[in-house]
Amino acid sequence: MAEVVIVASEDEAGELAASVVVELVRRVPDAVLGLATGSTPLSTYRALARRITDERLDVSRVRGFALDEYVGLPAGHPESYRAVIAREVVGPLGLTPALVHVPSGDPTTIAEAADDYERAIEAAGGVDVQILGIGRTGHIGFNEPGSSLASPTRVKTLTEQTRADNARFFDSPEDVPMHCITQGIGTILRARHLVLLAFGASKARAIADAVEGPVSASRPGSAIQLHPHATVIVDEAAAADLEHAPYYRHAWANKPGWQGV
Ligand code: F6R
């Protein structure tokens, strides 16, 4: 079962997720981070940037792999995940740009890009901590409902719901690409620690399905139940549909200090 931590705010969630990464990098200076984009991980990246500066943490050898990328955006588009990762993660954290990878969404080379990405993650020794958000459709990465729980990195078609949800980043809803390249659920499950974050009432159903629902390709987030070390950090609104919330609060409040997150 995933460990579920219910916190008061996005900032508190960000602090907790950042502490997982900081502790990892202290132990493993060339750690491999799995990097989500979108709104959810921003409080984590902010907290992480602050702690790296305050604690003079050397992150020059830290490596990173983004979860996904849109297919077909022009090179340099500000909402391409390559640009977002550079702006929100590599710059503020002071990571070494050459060590942070984003799958290529260039349609002319897309067939090889997926296999290349999968091989690059493997060659890096796999992901140590994978930061995840979840979509209202229940997707992790861009693995929309119906995605195989064993899937590798590949091209997927975004649901209309996800395109509408992401339209806020673009000038018009039609500008949101139809396709993406995403780490598969099988790829995500090979990371050694999953940290799934979610905030707000619009994520409550997806979180309840992911944590407590039956494991099913129709609910891609439920794949986290197959992982031996998954931490779910949610605010009160995103926790609203969790049947066992009282137990999660009890377990967290009484967690032995030696156990760590
Ligand atoms: C982003 C990603 C997606 C998002 C999800 C939630 O790299 O893979 O799974 O995490 O769509 O998006 P936000 O955080 O914007 O609500």
# chains A, B, ... in the order shown; residues from 1 in each chain; ligands from 1
>>> residues_near_ligand(ligand="ligand 1", cutoff="10 Å", atoms="only C-alpha atoms and all ligand atoms", output="ChimeraX atom specification")
/A:34-42,66-70,81,84-85,131-144,162-163,165-166,168-169,182-183,196-200,202-203,221
>>> write_last_selection(atoms="C-alpha atoms", output="PDB file, in the first residue's frame")
ATOM      1  CA  GLY A  34      12.155  11.647 -12.411  1.00  0.00           C
ATOM      2  CA  LEU A  35      10.626  15.037 -13.131  1.00  0.00           C
ATOM      3  CA  ALA A  36       6.939  15.803 -13.607  1.00  0.00           C
ATOM      4  CA  THR A  37       5.758  19.054 -15.184  1.00  0.00           C
ATOM      5  CA  GLY A  38       2.391  20.842 -14.847  1.00  0.00           C
ATOM      6  CA  SER A  39       1.270  22.864 -11.820  1.00  0.00           C
ATOM      7  CA  THR A  40       1.455  20.194  -9.127  1.00  0.00           C
ATOM      8  CA  PRO A  41       5.231  19.824  -8.635  1.00  0.00           C
ATOM      9  CA  LEU A  42       5.942  23.571  -8.592  1.00  0.00           C
ATOM     10  CA  ALA A  66      11.243  14.311 -17.525  1.00  0.00           C
ATOM     11  CA  LEU A  67       8.121  12.180 -17.662  1.00  0.00           C
ATOM     12  CA  ASP A  68       6.772  13.351 -20.963  1.00  0.00           C
ATOM     13  CA  GLU A  69       6.684  15.835 -23.837  1.00  0.00           C
ATOM     14  CA  TYR A  70       4.140  17.080 -26.340  1.00  0.00           C
ATOM     15  CA  TYR A  81       8.167  20.407 -21.540  1.00  0.00           C
ATOM     16  CA  VAL A  84       9.300  24.103 -18.874  1.00  0.00           C
ATOM     17  CA  ILE A  85      11.911  21.790 -17.348  1.00  0.00           C
ATOM     18  CA  ILE A 131       7.954  12.954  -8.770  1.00  0.00           C
ATOM     19  CA  LEU A 132       4.425  12.464 -10.123  1.00  0.00           C
ATOM     20  CA  GLY A 133       1.250  14.491 -10.511  1.00  0.00           C
ATOM     21  CA  ILE A 134      -2.052  12.958 -11.539  1.00  0.00           C
ATOM     22  CA  GLY A 135      -4.552  14.117 -14.136  1.00  0.00           C
ATOM     23  CA  ARG A 136      -8.292  14.322 -13.617  1.00  0.00           C
ATOM     24  CA  THR A 137      -8.550  11.349 -15.979  1.00  0.00           C
ATOM     25  CA  GLY A 138      -6.338   9.425 -13.548  1.00  0.00           C
ATOM     26  CA  HIS A 139      -3.286   9.577 -15.816  1.00  0.00           C
ATOM     27  CA  ILE A 140       0.250   9.457 -14.436  1.00  0.00           C
ATOM     28  CA  GLY A 141       2.773  10.712 -16.926  1.00  0.00           C
ATOM     29  CA  PHE A 142       0.457  11.027 -19.897  1.00  0.00           C
ATOM     30  CA  ASN A 143      -0.733   7.423 -19.598  1.00  0.00           C
ATOM     31  CA  GLU A 144      -4.416   7.956 -20.200  1.00  0.00           C
ATOM     32  CA  THR A 162      -6.552  16.428 -20.606  1.00  0.00           C
ATOM     33  CA  ARG A 163      -6.283  18.787 -23.576  1.00  0.00           C
ATOM     34  CA  ASP A 165      -7.241  20.868 -18.615  1.00  0.00           C
ATOM     35  CA  ASN A 166      -3.920  21.907 -20.160  1.00  0.00           C
ATOM     36  CA  ARG A 168      -4.650  27.115 -19.599  1.00  0.00           C
ATOM     37  CA  PHE A 169      -1.006  26.982 -20.639  1.00  0.00           C
ATOM     38  CA  THR A 182       5.407   9.647 -22.259  1.00  0.00           C
ATOM     39  CA  GLN A 183       7.251   7.275 -19.980  1.00  0.00           C
ATOM     40  CA  LEU A 196       2.741  11.298  -6.101  1.00  0.00           C
ATOM     41  CA  LEU A 197       1.360  14.748  -5.296  1.00  0.00           C
ATOM     42  CA  ALA A 198      -2.165  16.086  -5.774  1.00  0.00           C
ATOM     43  CA  PHE A 199      -3.985  19.220  -4.688  1.00  0.00           C
ATOM     44  CA  GLY A 200      -7.549  20.454  -4.877  1.00  0.00           C
ATOM     45  CA  SER A 202     -10.667  18.275  -8.853  1.00  0.00           C
ATOM     46  CA  LYS A 203      -8.108  15.544  -8.028  1.00  0.00           C
ATOM     47  CA  GLY A 221      -2.853   5.941 -11.207  1.00  0.00           C
TER      48      GLY A 221
END
>>> residues_around(residues="Asp241 in chain A", least_positions_apart="5", cutoff="9 Å", atoms="only C-alpha atoms", output="list in words")
Ala204, Arg205, Ile207, Ala208 and Asp209 of chain A
>>> residues_around(residues="Val4 in chain A", least_positions_apart="3", cutoff="8 Å", atoms="only C-alpha atoms", output="PyMOL selection string")
chain A and resi 231-234+248+252
>>> residues_around(residues="Gly126 in chain A", least_positions_apart="3", cutoff="10 Å", atoms="only C-alpha atoms", output="NGL selection string")
:A and (31-34 or 65 or 118-123 or 129 or 187-188 or 190-192)
>>> select_by_dssp(residues="range 31-254 of chain A", states="helix (DSSP H, G or I)", output="PyMOL selection string")
chain A and resi 42-54+81-93+97-99+107-123+160-169+173-175+185-189+201-212+220-226+245-253
>>> atom_distance(atom1="CA of His227 in chain A", atom2="CA of His193 in chain A")
8.2 Å
>>> residues_around(residues="range 98-101 of chain A", least_positions_apart="3", cutoff="8 Å", atoms="only C-alpha atoms", output="PyMOL selection string")
chain A and resi 61-66+90+95
>>> write_last_selection(atoms="N, CA, C and O atoms", output="PDB file, in the first residue's frame")
ATOM      1  N   ARG A  61      26.051  16.964 -10.003  1.00  0.00           N
ATOM      2  CA  ARG A  61      26.084  15.630 -10.644  1.00  0.00           C
ATOM      3  C   ARG A  61      24.701  14.980 -10.716  1.00  0.00           C
ATOM      4  O   ARG A  61      24.563  13.850 -11.196  1.00  0.00           O
ATOM      5  N   VAL A  62      23.696  15.668 -10.187  1.00  0.00           N
ATOM      6  CA  VAL A  62      22.334  15.104 -10.190  1.00  0.00           C
ATOM      7  C   VAL A  62      21.834  15.000 -11.631  1.00  0.00           C
ATOM      8  O   VAL A  62      22.024  15.911 -12.436  1.00  0.00           O
ATOM      9  N   ARG A  63      21.206  13.858 -11.917  1.00  0.00           N
ATOM     10  CA  ARG A  63      20.678  13.637 -13.263  1.00  0.00           C
ATOM     11  C   ARG A  63      19.157  13.667 -13.233  1.00  0.00           C
ATOM     12  O   ARG A  63      18.556  13.484 -12.175  1.00  0.00           O
ATOM     13  N   GLY A  64      18.526  13.909 -14.387  1.00  0.00           N
ATOM     14  CA  GLY A  64      17.067  13.993 -14.386  1.00  0.00           C
ATOM     15  C   GLY A  64      16.468  13.494 -15.691  1.00  0.00           C
ATOM     16  O   GLY A  64      17.097  13.599 -16.754  1.00  0.00           O
ATOM     17  N   PHE A  65      15.275  12.938 -15.567  1.00  0.00           N
ATOM     18  CA  PHE A  65      14.499  12.515 -16.740  1.00  0.00           C
ATOM     19  C   PHE A  65      13.070  13.028 -16.586  1.00  0.00           C
ATOM     20  O   PHE A  65      12.386  12.672 -15.614  1.00  0.00           O
ATOM     21  N   ALA A  66      12.634  13.854 -17.542  1.00  0.00           N
ATOM     22  CA  ALA A  66      11.243  14.311 -17.525  1.00  0.00           C
ATOM     23  C   ALA A  66      10.319  13.138 -17.851  1.00  0.00           C
ATOM     24  O   ALA A  66      10.737  12.165 -18.484  1.00  0.00           O
ATOM     25  N   VAL A  90      15.698  23.076 -14.062  1.00  0.00           N
ATOM     26  CA  VAL A  90      17.161  23.140 -14.254  1.00  0.00           C
ATOM     27  C   VAL A  90      17.724  24.480 -13.782  1.00  0.00           C
ATOM     28  O   VAL A  90      18.690  24.517 -13.005  1.00  0.00           O
ATOM     29  N   LEU A  95      20.748  22.729 -11.704  1.00  0.00           N
ATOM     30  CA  LEU A  95      21.222  21.433 -12.201  1.00  0.00           C
ATOM     31  C   LEU A  95      22.104  21.646 -13.421  1.00  0.00           C
ATOM     32  O   LEU A  95      22.077  22.706 -14.056  1.00  0.00           O
TER      33      LEU A  95
END
>>> residues_around(residues="range 14-24 of chain A", least_positions_apart="3", cutoff="6 Å", atoms="only C-alpha atoms", output="list in words")
Asp11, Arg27, Val28, Ser43, Thr44, Ala47 and Leu48 of chain A
>>> select_by_dssp(residues="range 34-179 of chain A", states="strand (DSSP E)", output="count of residues only")
20
>>> closest_residue(among="A:Leu57, A:Val176, A:Ser148, A:Glu3", to="Gln259 in chain A", atoms="only C-alpha atoms")
A:Glu3
